[in-house]
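For reference, coords_18.cif (mmCIF, C-alpha atoms and all ligand atoms):
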```cif
data_my_file
#
loop_
_atom_site.label_atom_id
_atom_site.label_comp_id
_atom_site.auth_asym_id
_atom_site.auth_seq_id
_atom_site.Cartn_x
_atom_site.Cartn_y
_atom_site.Cartn_z
CA MET V 4 30.06 -0.09 -7.28
CA SER V 5 27.18 -2.36 -8.06
CA HIS V 6 23.50 -2.40 -7.38
CA LYS V 7 22.02 -5.42 -5.72
CA TYR V 8 18.56 -4.53 -6.94
CA PRO V 9 16.98 -4.05 -10.35
CA SER V 10 15.53 -0.74 -11.42
CA PHE V 11 11.98 -0.43 -12.69
CA LEU V 12 10.09 1.02 -15.60
CA SER V 13 8.86 4.46 -14.61
CA ARG V 14 5.29 4.75 -13.46
CA ASP V 15 2.96 6.22 -16.10
CA ARG V 16 1.24 8.95 -14.16
CA THR V 17 -1.04 9.83 -17.07
CA TRP V 18 -2.42 6.28 -16.90
CA GLN V 19 -2.71 6.21 -13.11
CA PRO V 20 -5.21 8.58 -11.48
CA GLU V 21 -4.29 12.20 -10.80
CA PRO V 22 -4.32 13.25 -7.14
CA TYR V 23 -6.91 15.99 -7.66
CA THR V 24 -10.17 14.45 -8.87
CA PRO V 25 -13.02 16.71 -7.69
CA GLY V 26 -15.70 14.18 -8.65
CA TYR V 27 -14.34 12.18 -5.73
CA LYS V 28 -14.76 14.86 -3.12
CA THR V 29 -12.35 13.66 -0.45
CA SER V 30 -9.49 14.02 -2.92
CA VAL V 31 -9.94 17.79 -3.05
CA ALA V 32 -8.33 18.53 0.33
CA ARG V 33 -5.99 15.53 0.26
CA SER V 34 -4.24 16.10 -3.07
CA PRO V 35 -0.85 17.81 -3.22
CA ARG V 36 -0.80 20.99 -5.33
CA GLN V 37 2.94 21.05 -5.90
CA ALA V 38 4.48 18.91 -8.61
CA LEU V 39 6.10 15.67 -7.50
CA VAL V 40 9.89 15.84 -7.32
CA SER V 41 11.23 13.27 -9.77
CA LEU V 42 14.27 11.30 -8.70
CA GLN V 43 16.40 11.30 -11.81
CA ARG V 44 18.04 8.04 -10.80
CA ALA V 45 16.72 5.47 -8.38
CA SER V 46 18.98 4.40 -5.53
CA ASP V 47 18.85 1.26 -3.44
CA SER V 48 16.31 3.12 -1.29
CA GLU V 49 13.73 2.88 -4.08
CA ARG V 50 14.89 -0.31 -5.78
CA SER V 51 14.85 -2.50 -2.71
CA GLY V 52 11.88 -3.62 -0.68
CA PRO V 53 10.71 -6.10 1.91
CA VAL V 54 10.29 -9.75 0.99
CA PHE V 55 7.63 -11.56 2.98
CA ASP V 56 8.11 -15.18 2.01
CA GLY V 57 9.15 -15.90 5.60
CA LEU V 58 5.94 -14.45 7.04
CA GLU V 59 4.01 -17.09 8.96
CA ILE V 60 0.78 -17.26 6.99
CA GLY V 61 -1.96 -19.06 8.90
CA GLN V 62 -3.84 -22.01 7.43
CA TYR V 63 -6.99 -19.95 6.84
CA ASP V 64 -5.44 -16.55 6.17
CA ASN V 65 -6.54 -16.81 2.50
CA ASP V 66 -9.88 -18.43 3.29
CA LEU V 67 -12.45 -15.86 4.37
CA LEU V 68 -15.12 -18.56 4.51
CA MET V 69 -13.22 -20.06 7.46
CA ASN V 70 -11.01 -17.45 9.09
CA PHE V 71 -13.55 -15.61 11.21
CA ARG V 72 -16.10 -17.68 13.02
CA ALA V 73 -18.66 -16.94 15.71
CA ASP V 74 -18.71 -18.96 18.92
CA GLY V 75 -21.54 -21.24 19.94
CA GLU V 76 -24.90 -21.39 18.22
CA GLN V 77 -24.09 -18.69 15.67
CA ALA V 78 -21.04 -20.55 14.36
CA GLY V 79 -21.34 -21.39 10.68
CA LEU V 80 -20.43 -20.29 7.21
CA PRO V 81 -20.71 -16.66 6.06
CA ILE V 82 -23.86 -15.54 4.26
CA GLY V 83 -23.45 -14.76 0.57
CA GLU V 84 -22.34 -15.94 -2.82
CA ARG V 85 -19.30 -18.17 -2.33
CA ILE V 86 -16.47 -17.29 -4.67
CA ILE V 87 -12.88 -18.13 -5.45
CA MET V 88 -10.84 -15.05 -6.26
CA HIS V 89 -7.61 -15.96 -7.97
CA GLY V 90 -5.05 -14.64 -10.39
CA GLN V 91 -1.46 -14.08 -11.19
CA VAL V 92 0.84 -11.23 -10.24
CA ILE V 93 3.05 -10.40 -13.21
CA ASP V 94 5.14 -7.45 -14.20
CA GLN V 95 4.81 -5.26 -17.28
CA PHE V 96 7.00 -7.67 -19.25
CA GLY V 97 4.63 -10.52 -18.39
CA LYS V 98 7.12 -12.03 -15.98
CA PRO V 99 5.55 -13.74 -12.94
CA VAL V 100 6.17 -12.15 -9.55
CA PRO V 101 6.68 -15.08 -7.15
CA ASN V 102 6.80 -15.03 -3.34
CA THR V 103 5.11 -11.68 -3.03
CA LEU V 104 2.54 -10.62 -0.48
CA VAL V 105 -1.07 -10.14 -1.65
CA GLU V 106 -3.51 -8.79 0.93
CA MET V 107 -7.23 -8.06 0.59
CA TRP V 108 -10.13 -6.72 2.63
CA GLN V 109 -13.80 -6.28 1.90
CA ALA V 110 -17.34 -5.72 3.10
CA ASN V 111 -19.64 -8.68 3.75
CA ALA V 112 -22.40 -9.84 1.42
CA GLY V 113 -24.65 -7.05 2.71
CA GLY V 114 -22.08 -4.33 1.98
CA LYS V 115 -21.07 -3.82 5.63
CA TYR V 116 -17.49 -3.65 6.86
CA ARG V 117 -16.43 -5.05 10.21
CA HIS V 118 -15.07 -1.65 11.26
CA LYS V 119 -16.25 0.54 14.10
CA LYS V 120 -16.54 3.52 11.77
CA ASP V 121 -18.86 1.81 9.26
CA GLY V 122 -22.36 3.07 10.03
CA TYR V 123 -24.25 1.45 7.14
CA LEU V 124 -27.47 -0.21 8.26
CA ALA V 125 -26.74 -3.62 6.73
CA PRO V 126 -25.92 -6.11 9.51
CA LEU V 127 -22.58 -7.63 10.38
CA ASP V 128 -22.21 -11.31 9.62
CA PRO V 129 -21.05 -13.11 12.77
CA ASN V 130 -19.03 -15.52 10.62
CA PHE V 131 -17.33 -13.03 8.38
CA GLY V 132 -14.32 -10.83 9.15
CA GLY V 133 -13.33 -9.63 5.69
CA VAL V 134 -9.53 -9.86 5.67
CA GLY V 135 -7.18 -12.18 3.83
CA ARG V 136 -3.55 -12.50 2.81
CA CYS V 137 -1.33 -14.94 0.97
CA ILE V 138 2.04 -15.24 -0.74
CA THR V 139 2.20 -15.85 -4.49
CA ASP V 140 3.63 -19.18 -5.61
CA ALA V 141 6.54 -19.76 -8.00
CA GLU V 142 4.34 -18.70 -10.97
CA GLY V 143 3.09 -15.61 -9.19
CA ARG V 144 -0.34 -17.15 -8.52
CA TYR V 145 -2.53 -16.33 -5.55
CA ARG V 146 -5.93 -17.54 -4.40
CA PHE V 147 -8.59 -16.56 -1.88
CA ARG V 148 -11.92 -18.08 -0.96
CA THR V 149 -14.54 -15.58 0.13
CA VAL V 150 -18.06 -14.28 -0.50
CA ARG V 151 -18.92 -11.67 -3.06
CA PRO V 152 -19.22 -8.36 -1.20
CA GLY V 153 -22.37 -6.26 -1.48
CA PRO V 154 -22.49 -2.73 -2.89
CA TYR V 155 -22.86 0.04 -0.31
CA PRO V 156 -23.87 3.71 -0.24
CA TRP V 157 -21.40 6.41 0.73
CA PRO V 158 -21.62 10.15 1.20
CA ASN V 159 -20.11 11.72 -1.93
CA GLY V 160 -23.02 12.79 -4.11
CA VAL V 161 -26.66 12.64 -2.99
CA ASN V 162 -27.06 8.98 -3.98
CA THR V 163 -23.65 7.44 -4.59
CA TRP V 164 -23.03 3.70 -4.31
CA ARG V 165 -19.83 1.74 -4.46
CA PRO V 166 -19.92 -1.19 -6.89
CA ALA V 167 -19.14 -4.53 -5.28
CA HIS V 168 -15.38 -4.48 -4.76
CA ILE V 169 -12.52 -6.09 -2.91
CA HIS V 170 -9.58 -3.94 -1.83
CA VAL V 171 -6.31 -5.53 -2.96
CA SER V 172 -2.77 -4.70 -1.86
CA VAL V 173 0.36 -6.06 -3.50
CA MET V 174 3.96 -5.43 -2.52
CA GLY V 175 5.97 -6.77 -5.46
CA PRO V 176 9.76 -7.04 -5.28
CA SER V 177 10.40 -3.40 -4.34
CA ILE V 178 8.76 -0.37 -2.80
CA SER V 179 8.67 0.90 -6.40
CA THR V 180 6.14 -1.79 -7.30
CA ARG V 181 3.89 -1.16 -4.28
CA LEU V 182 0.25 -0.91 -5.33
CA ILE V 183 -3.17 -0.79 -3.73
CA THR V 184 -6.19 -1.16 -5.96
CA GLN V 185 -9.77 -2.41 -5.89
CA MET V 186 -11.11 -5.41 -7.74
CA TYR V 187 -14.52 -5.05 -9.37
CA PHE V 188 -16.79 -7.72 -10.85
CA GLU V 189 -17.46 -8.14 -14.55
CA GLY V 190 -20.91 -6.91 -15.52
CA ASP V 191 -21.63 -4.80 -12.45
CA PRO V 192 -23.79 -1.86 -13.64
CA LEU V 193 -22.55 0.31 -10.76
CA ILE V 194 -18.96 0.38 -12.06
CA PRO V 195 -19.39 3.23 -14.57
CA LEU V 196 -21.42 5.28 -12.08
CA CYS V 197 -18.82 5.27 -9.32
CA PRO V 198 -16.86 8.50 -8.64
CA ILE V 199 -13.91 6.46 -7.33
CA VAL V 200 -13.77 4.41 -10.54
CA GLN V 201 -14.12 7.65 -12.50
CA VAL V 202 -10.81 8.98 -11.14
CA LEU V 203 -9.32 6.97 -14.02
CA LYS V 204 -9.46 8.94 -17.27
CA ASP V 205 -8.84 6.02 -19.60
CA PRO V 206 -11.61 3.39 -19.81
CA GLU V 207 -8.90 0.80 -20.44
CA ALA V 208 -7.37 1.62 -17.04
CA VAL V 209 -10.74 0.77 -15.50
CA GLU V 210 -10.67 -2.57 -17.31
CA THR V 211 -7.46 -3.51 -15.47
CA MET V 212 -9.50 -3.55 -12.24
CA ILE V 213 -12.40 -5.72 -13.41
CA ALA V 214 -12.21 -9.41 -12.55
CA ARG V 215 -13.61 -11.87 -15.08
CA LEU V 216 -15.93 -14.73 -14.30
CA ASP V 217 -13.81 -17.87 -14.70
CA MET V 218 -15.97 -20.97 -15.09
CA THR V 219 -12.87 -23.15 -15.55
CA ARG V 220 -11.93 -22.60 -11.89
CA SER V 221 -15.45 -22.62 -10.44
CA LYS V 222 -16.48 -25.64 -8.36
CA PRO V 223 -19.77 -27.34 -9.30
CA MET V 224 -22.33 -27.14 -6.51
CA ASP V 225 -19.86 -25.09 -4.45
CA CYS V 226 -18.60 -21.76 -5.72
CA LEU V 227 -18.01 -19.52 -8.72
CA ALA V 228 -14.56 -18.22 -9.56
CA TYR V 229 -13.33 -14.78 -10.61
CA ARG V 230 -9.93 -14.20 -12.10
CA PHE V 231 -8.06 -11.02 -11.29
CA ASP V 232 -4.54 -10.66 -12.61
CA ILE V 233 -2.38 -7.88 -11.22
CA VAL V 234 0.34 -6.14 -13.22
CA VAL V 235 3.12 -4.37 -11.32
CA ARG V 236 5.90 -2.20 -12.74
CA GLY V 237 8.40 -4.02 -14.92
CA ALA V 238 11.78 -4.93 -13.44
CA LEU V 239 14.72 -4.04 -15.66
CA GLN V 240 17.88 -6.12 -15.58
CA THR V 241 20.15 -5.67 -12.60
CA TYR V 242 22.97 -3.57 -13.86
CA PHE V 243 26.44 -2.83 -12.67
CA GLU V 244 28.22 0.42 -12.74
CA GLU V 245 31.93 1.07 -12.75
CA MET F 30 -9.27 -17.54 -21.35
CA TYR F 31 -9.75 -13.80 -21.34
CA SER F 32 -7.77 -11.99 -18.71
CA GLN F 33 -7.85 -8.27 -18.08
CA TYR F 34 -4.05 -7.93 -18.17
CA LYS F 35 -3.69 -8.32 -21.93
CA LEU F 36 -3.99 -4.58 -22.33
CA GLN F 37 -0.80 -3.20 -23.75
CA ASP F 38 0.59 0.20 -24.47
CA ASP F 39 2.14 1.22 -27.81
CA SER F 40 5.48 -0.39 -26.99
CA GLY F 41 3.92 -3.77 -26.21
CA LEU F 42 4.39 -3.49 -22.46
CA LEU F 43 1.55 -4.48 -20.22
CA ARG F 44 -0.17 -1.65 -18.43
CA GLU F 45 0.28 -1.41 -14.69
CA THR F 46 -2.94 -2.23 -12.85
CA ALA F 47 -4.70 1.02 -12.00
CA SER F 48 -4.48 2.30 -8.44
CA GLN F 49 -7.45 3.10 -6.22
CA THR F 50 -7.75 4.67 -2.80
CA SER F 51 -7.18 2.37 0.16
CA GLY F 52 -10.42 3.83 1.57
CA PRO F 53 -11.43 4.57 5.17
CA PHE F 54 -11.41 0.92 6.25
CA VAL F 55 -7.86 0.06 5.21
CA HIS F 56 -7.26 -1.04 8.81
CA ILE F 57 -9.31 -4.19 8.28
CA GLY F 58 -6.74 -5.38 5.78
CA LEU F 59 -3.44 -3.77 6.79
CA ALA F 60 -3.72 -2.52 10.38
CA LEU F 61 -5.84 -5.15 12.10
CA GLU F 62 -5.21 -3.87 15.60
CA ILE F 63 -6.74 -0.48 14.75
CA ALA F 64 -9.84 -2.13 13.24
CA GLY F 65 -10.30 -4.18 16.43
CA PHE F 66 -9.30 -7.55 14.98
CA GLU F 67 -7.26 -10.11 16.84
CA SER F 68 -3.69 -10.40 15.57
CA ARG F 69 -2.87 -13.29 13.31
CA SER F 70 0.24 -15.36 14.01
CA ASP F 71 2.62 -12.91 12.37
CA GLU F 72 1.64 -9.29 11.65
CA ILE F 73 3.45 -6.46 9.91
CA TRP F 74 3.33 -3.58 12.36
CA GLN F 75 5.08 -0.57 13.83
CA ASP F 76 7.93 -2.02 15.91
CA LEU F 77 10.80 -2.36 13.45
CA ALA F 78 13.43 -2.50 16.18
CA LYS F 79 13.15 -4.75 19.19
CA GLU F 80 15.50 -5.17 22.11
CA GLY F 81 18.93 -6.10 20.87
CA ALA F 82 18.69 -4.33 17.53
CA GLU F 83 21.99 -2.64 16.68
CA GLY F 84 22.07 1.12 16.46
CA GLU F 85 20.41 4.10 18.10
CA HIS F 86 16.85 3.28 19.07
CA ILE F 87 14.39 6.02 18.16
CA GLU F 88 10.71 6.73 17.75
CA LEU F 89 9.34 8.24 14.56
CA VAL F 90 5.94 9.86 14.95
CA GLY F 91 3.80 12.35 13.09
CA HIS F 92 0.41 13.64 12.09
CA VAL F 93 -0.94 13.81 8.56
CA TYR F 94 -2.77 17.06 7.73
CA ASP F 95 -5.07 17.82 4.82
CA GLY F 96 -5.35 21.11 2.92
CA ASN F 97 -7.78 22.51 5.51
CA GLY F 98 -5.34 21.85 8.35
CA GLU F 99 -7.47 18.95 9.63
CA ALA F 100 -5.73 15.83 10.88
CA VAL F 101 -6.24 12.86 8.56
CA HIS F 102 -7.33 10.13 10.96
CA ASP F 103 -7.67 7.29 8.48
CA ALA F 104 -4.16 7.40 6.99
CA LEU F 105 -1.99 4.29 6.82
CA ILE F 106 1.76 4.84 6.79
CA GLU F 107 4.38 2.40 5.56
CA ILE F 108 8.09 2.89 6.11
CA TRP F 109 11.11 1.19 4.58
CA GLN F 110 14.60 1.94 5.81
CA ALA F 111 18.16 0.72 6.01
CA ASP F 112 19.58 -0.70 9.23
CA SER F 113 22.08 1.25 11.33
CA HIS F 114 24.89 0.20 8.94
CA GLY F 115 23.10 1.58 5.89
CA ASP F 116 22.09 -1.83 4.55
CA TYR F 117 18.58 -2.71 3.41
CA ILE F 118 17.54 -6.05 4.93
CA SER F 119 15.07 -7.46 2.42
CA ASN F 120 14.07 -10.52 4.37
CA PHE F 121 11.20 -9.46 6.65
CA ASP F 122 11.28 -11.43 9.89
CA ASN F 123 9.49 -10.47 13.10
CA LYS F 124 11.73 -12.84 15.03
CA GLU F 125 14.82 -10.80 14.16
CA PRO F 126 15.69 -7.78 16.33
CA PHE F 127 15.36 -5.47 13.31
CA SER F 128 13.15 -5.41 10.22
CA GLY F 129 13.39 -2.65 7.63
CA PHE F 130 9.66 -2.45 6.95
CA GLY F 131 6.77 -1.37 9.12
CA ARG F 132 3.22 -0.07 9.07
CA SER F 133 1.41 2.29 11.36
CA ALA F 134 -1.89 4.12 11.24
CA CYS F 135 -2.94 7.47 12.59
CA ALA F 136 -4.52 6.47 15.88
CA LEU F 137 -7.05 8.39 17.99
CA ASP F 138 -4.48 11.01 18.99
CA GLY F 139 -3.68 11.55 15.30
CA ASP F 140 -0.10 10.28 15.42
CA PHE F 141 1.40 7.40 13.55
CA HIS F 142 4.09 5.80 15.65
CA PHE F 143 7.15 3.72 14.80
CA HIS F 144 9.82 2.22 17.04
CA THR F 145 12.97 1.80 15.01
CA VAL F 146 16.67 2.60 14.82
CA LYS F 147 18.23 5.51 13.08
CA PRO F 148 19.28 4.25 9.64
CA GLY F 149 22.85 4.50 8.42
CA GLN F 150 23.90 6.23 5.23
CA VAL F 151 23.06 4.60 1.91
CA ASP F 152 25.12 5.10 -1.22
CA PHE F 153 23.89 7.11 -4.20
CA TYR F 154 26.23 6.49 -7.15
CA GLY F 155 29.33 7.04 -5.04
CA LYS F 156 27.94 9.75 -2.77
CA PRO F 157 26.38 9.08 0.61
CA MET F 158 22.73 9.98 1.12
CA ALA F 159 21.94 11.36 4.55
CA PRO F 160 20.14 8.93 6.89
CA HIS F 161 16.50 8.74 5.82
CA VAL F 162 13.35 6.70 6.10
CA ASN F 163 11.26 6.05 2.97
CA ILE F 164 7.57 6.70 3.60
CA ALA F 165 4.38 5.80 1.72
CA ILE F 166 1.05 7.40 2.63
CA PHE F 167 -2.29 5.74 1.90
CA ALA F 168 -5.70 7.17 2.81
CA ARG F 169 -9.25 7.76 1.73
CA GLY F 170 -9.09 10.51 -0.89
CA ILE F 171 -5.56 9.56 -2.01
CA ASN F 172 -5.91 7.87 -5.39
CA LEU F 173 -2.32 6.69 -5.64
CA HIS F 174 -0.16 6.50 -2.53
CA LEU F 175 2.23 9.38 -1.90
CA GLN F 176 5.95 8.78 -1.43
CA THR F 177 8.28 10.88 0.67
CA ARG F 178 11.37 10.63 2.89
CA ALA F 179 12.02 11.61 6.48
CA TYR F 180 15.49 12.98 7.25
CA PHE F 181 16.75 13.94 10.72
CA ASP F 182 17.36 17.48 12.00
CA ASP F 183 20.45 16.43 14.00
CA GLU F 184 22.24 15.23 10.84
CA GLN F 185 22.75 18.71 9.47
CA GLU F 186 26.11 18.06 7.86
CA ALA F 187 24.98 14.87 6.12
CA ASN F 188 21.74 16.56 5.06
CA GLU F 189 23.65 19.40 3.42
CA GLN F 190 25.61 16.88 1.35
CA CYS F 191 22.68 14.62 0.44
CA PRO F 192 22.22 14.45 -3.35
CA ILE F 193 18.51 13.72 -3.04
CA LEU F 194 17.78 16.54 -0.62
CA ASN F 195 19.78 18.85 -2.85
CA SER F 196 17.70 17.81 -5.86
CA VAL F 197 14.67 19.48 -4.24
CA PRO F 198 14.67 22.87 -5.93
CA SER F 199 13.65 25.11 -3.04
CA ALA F 200 15.47 25.32 0.30
CA GLU F 201 12.17 26.16 1.92
CA ARG F 202 10.54 22.99 0.61
CA ARG F 203 13.55 20.88 1.60
CA LYS F 204 12.68 21.67 5.22
CA THR F 205 9.45 19.68 4.87
CA LEU F 206 11.58 16.52 4.66
CA ILE F 207 13.34 17.02 8.00
CA ALA F 208 11.99 15.30 11.10
CA LYS F 209 12.45 17.29 14.31
CA LYS F 210 13.87 15.80 17.45
CA GLU F 211 11.64 16.26 20.48
CA GLN F 212 11.48 15.02 24.05
CA GLY F 213 10.65 11.31 23.98
CA ASP F 214 10.08 8.60 26.56
CA GLY F 215 13.55 7.28 27.27
CA LYS F 216 14.73 7.41 23.66
CA PRO F 217 14.98 10.14 21.07
CA ARG F 218 11.71 10.87 19.31
CA TYR F 219 11.55 12.50 15.90
CA ARG F 220 8.40 14.18 14.68
CA PHE F 221 7.65 14.11 10.97
CA ASP F 222 4.32 15.79 10.28
CA ILE F 223 3.07 15.37 6.74
CA TYR F 224 1.18 18.17 5.00
CA LEU F 225 -0.74 16.83 2.02
CA GLN F 226 -1.55 20.25 0.61
CA GLY F 227 -1.16 23.99 1.10
CA ASP F 228 1.16 25.80 3.52
CA GLY F 229 4.28 23.77 4.13
CA GLU F 230 3.13 21.07 1.72
CA THR F 231 5.45 18.09 2.08
CA VAL F 232 7.69 17.22 -0.84
CA PHE F 233 6.48 14.02 -2.52
CA PHE F 234 8.66 12.05 -4.87
CA ASP F 235 8.13 10.29 -8.17
CA PHE F 236 10.44 7.34 -8.70
FE FE V 301 -14.51 -0.32 0.13
#
```

Written form, structure tokens:
Amino acid sequence: MSHKYPSFLSRDRTWQPEPYTPGYKTSVARSPRQALVSLQRASDSERSGPVFDGLEIGQYDNDLLMNFRADGEQAGLPIGERIIMHGQVIDQFGKPVPNTLVEMWQANAGGKYRHKKDGYLAPLDPNFGGVGRCITDAEGRYRFRTVRPGPYPWPNGVNTWRPAHIHVSVMGPSISTRLITQMYFEGDPLIPLCPIVQVLKDPEAVETMIARLDMTRSKPMDCLAYRFDIVVRGALQTYFEE
Amino acid sequence: MYSQYKLQDDSGLLRETASQTSGPFVHIGLALEIAGFESRSDEIWQDLAKEGAEGEHIELVGHVYDGNGEAVHDALIEIWQADSHGDYISNFDNKEPFSGFGRSACALDGDFHFHTVKPGQVDFYGKPMAPHVNIAIFARGINLHLQTRAYFDDEQEANEQCPILNSVPSAERRKTLIAKKEQGDGKPRYRFDIYLQGDGETVFFDF
């Protein structure tokens, strides 16, 4: 029999965060206490995954400056620092991951989410929704236009603030490569103070989440650019078995 | 230019980007209906099987519970499954009667809710695996999504033969992977409650 799908490098769970990270309080009651059961060999169930290149992506789905607009007199552009967020999805071998779904969501420039459960006192922006999606091109590249989100306070310690961040979701070629992360901004002094960032033990793991200012892709008199490359698990060669 | 992905491990492989929690507002990005957004032209959501899909139409529902027995109301659930013939259909298309991938979120009543078909058996190196649905759980407080499988309590014979179920060391823990058939609205409904921690903690897989 043969496998239609490649297998993947195993996930390094000493590099990725542990489930139980008491500095981030919500993890305490939501972390399994039993060891994970390791599948000794992956089957098609783990190797395969959905491919979204047929998904009908709207014209402004990757343009958060345009995709949520108030009616009437309030209609306009969102408040905040205009940015291009772009990068490449590659695997651990450096191979581009084309035609894969990248999704993102974020707070507005004041640090407020358009979500009924967000009670922060910063105002909503009538022209900003905070959601985007796109499909990577043949080189694995993606691009969004948005505003830089504001930091916001949250109830963990007595005075805990999230650094400015954009939530990023990537599918990759398989459910084995599925990943949700958060993109931070180079130079933000709140990054090392954040209990959610601190769930990573290795400072180099934190670096993988920090976007770099990219002047080569900024637009004069228009917007700055930040580059955020995403690495998913490496695909091994498809192999056949007798 | 400098890019953050140049970080390599000892064998020269790039490091996987670190995972972070999807947070309490994951709905804005991945479950727009729950956040109160209008749907875009084509959304990924909880109806995997529409009229005309081959196979036995079923509902798959469940709560997610934390270690204190409280329902986790901000969880996002993704499922990936074979069609009724046991084939994975990679090409996601909402216009087709069946898609193998879906998302749901724990709504006000605490349940996630999928409409799908019962998957067929998938091969594992020459042995059939019992029908199962692959599940990923994302939520505030979960640093890296959890992965599990839902099997079906009316597939006892297939379950007993399943090489993956049998790789779970304890018979007691194996039970946490079995969805229970209950009275549904017009079609069979299977309940798969997920216990993140403590009594009856669900088996989660590393793969
Ligand atoms: Fe956030």

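Distances to ligand FE 301 (chain V) were evaluated for V:Thr180, V:Gln109, V:Thr139, V:Thr24 using all atoms listed in the file, and the minimum falls at V:Gln109.
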
Please identify every residue of chain V that has at least one atom no farther than 7 Å from an atom of ligand FE 301 (chain V), counting all atoms listed in the file, and for each give the shortest atom pair and the distance in Å to one decimal, arranged by chain then increasing number, as a tab-separated table.
```
residue	atom	partner	partner_atom	distance
V:Gln109	CA	V:FE301	FE	6.3
V:Ala110	CA	V:FE301	FE	6.8
V:His168	CA	V:FE301	FE	6.5
V:Ile169	CA	V:FE301	FE	6.8
V:His170	CA	V:FE301	FE	6.4
```

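Distances here use only C-alpha atoms; by that measure, the residue among F:Lys147, F:Arg220, F:Arg178, F:His142 closest to chain V is F:Arg178.
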
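Residue nearest Glu210 (chain V), chosen from F:Phe143, F:Arg44, F:Cys135, F:Arg203 and counting all atoms listed in the file: F:Arg44.
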
Using all atoms listed in the file, the shortest atom-to-atom distance to Ser48 (chain V) among V:Leu124, V:Ile178, V:Ile233, V:Cys137 belongs to V:Ile178

For Pro25 (chain V), please output as a PyMOL selection string all residues within 12 Å (counting only C-alpha atoms; exclusion window: fewer than 3 positions along the same chain).
(chain V and resi 20-22+28-34+159-160+198-199+201-202) or (chain F and resi 170-172)

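Using only C-alpha atoms, the nearest neighbour of Glu45 (chain F) within the list V:Gly190, V:Gly135, V:Pro176, V:Gly97 is V:Gly97.
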
Name the residues in contact with Ser119 (chain F) at a cut-off of 9 Å, using all atoms listed in the file, excluding same-chain residues fewer than 2 positions from it; report them as a PyMOL selection string.
(chain V and resi 51-55) or (chain F and resi 117+121+128-130)

Which residues are near region 213-230 of chain V? Cut-off 10 Å, all atoms listed in the file, ignore same chain within fewer than 4 positions. Put them as a ChimeraX atom specification.
/V:84-91,146-151,168,185-191,194,208-209 /F:30-34

Give the centre and edge lengths of an axis-aligned box, in Å to one decimal, that holds all listed atoms of region 69-80 of chain F with 6 Å on each side, as lines of an AutoDock Vina configuration file.
```
center_x = 6.3
center_y = -8.0
center_z = 16.0
size_x = 30.4
size_y = 26.8
size_z = 24.2
```

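CA of Ala100 (chain F) is positioned 10.4 Å from CA of Leu137 (chain F).
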
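Take the candidates V:Gly79, V:Pro166, V:Pro129, V:Gly153 and check each one against Asn111 (chain V) using all atoms listed in the file; the shortest distance goes to V:Gly153.
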
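CA of Trp164 (chain V) is found 17.2 Å from CA of Pro126 (chain V).
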
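Between CA of Ser10 (chain V) and CA of Arg44 (chain V) lies a distance of 9.2 Å.
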
Quick one: residues within 10 Å of Gly215 (chain F), only C-alpha atoms, excluding same-chain residues fewer than 6 positions away - as a ChimeraX atom specification?
/F:86-88

Would you kindly return, as a PyMOL selection string, each protein, DNA or RNA residue with an atom no farther than 12 Å from any atom of Ser68 (chain F), considering all atoms listed in the file and excluding same-chain residues fewer than 5 positions away?
(chain V and resi 60-61+64+71+134) or (chain F and resi 57-63+73-74)

Could you list as a PyMOL selection string every residue that has an atom within 12 Å of (11.0, 17.0, 3.2), using the file's coordinates and counting all atoms listed in the file?
(chain V and resi 39-40) or (chain F and resi 161-164+176-182+188+193-209+221-225+229-234)

Provide region 183-188 of chain V rebuilt to N, CA, C and O atoms, formatted as a compact mmCIF listing (two decimals), in the frame of the given file.
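Wrote out-v9.txt, looks like this:
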```
# COMPACT_ATOMS: atom_id res chain seq x y z
N ILE V 183 -1.88 -0.42 -4.32
CA ILE V 183 -3.17 -0.79 -3.73
C ILE V 183 -4.24 -0.44 -4.76
O ILE V 183 -4.23 0.65 -5.35
N THR V 184 -5.14 -1.39 -4.99
CA THR V 184 -6.19 -1.16 -5.96
C THR V 184 -7.50 -1.72 -5.40
O THR V 184 -7.59 -2.06 -4.22
N GLN V 185 -8.52 -1.76 -6.25
CA GLN V 185 -9.77 -2.41 -5.89
C GLN V 185 -10.18 -3.29 -7.05
O GLN V 185 -10.06 -2.89 -8.20
N MET V 186 -10.65 -4.48 -6.72
CA MET V 186 -11.11 -5.41 -7.74
C MET V 186 -12.63 -5.30 -7.86
O MET V 186 -13.33 -5.37 -6.85
N TYR V 187 -13.08 -5.10 -9.10
CA TYR V 187 -14.52 -5.05 -9.37
C TYR V 187 -14.94 -6.32 -10.09
O TYR V 187 -14.10 -7.11 -10.53
N PHE V 188 -16.26 -6.49 -10.26
CA PHE V 188 -16.79 -7.72 -10.85
C PHE V 188 -17.39 -7.43 -12.22
O PHE V 188 -18.21 -6.51 -12.37
```
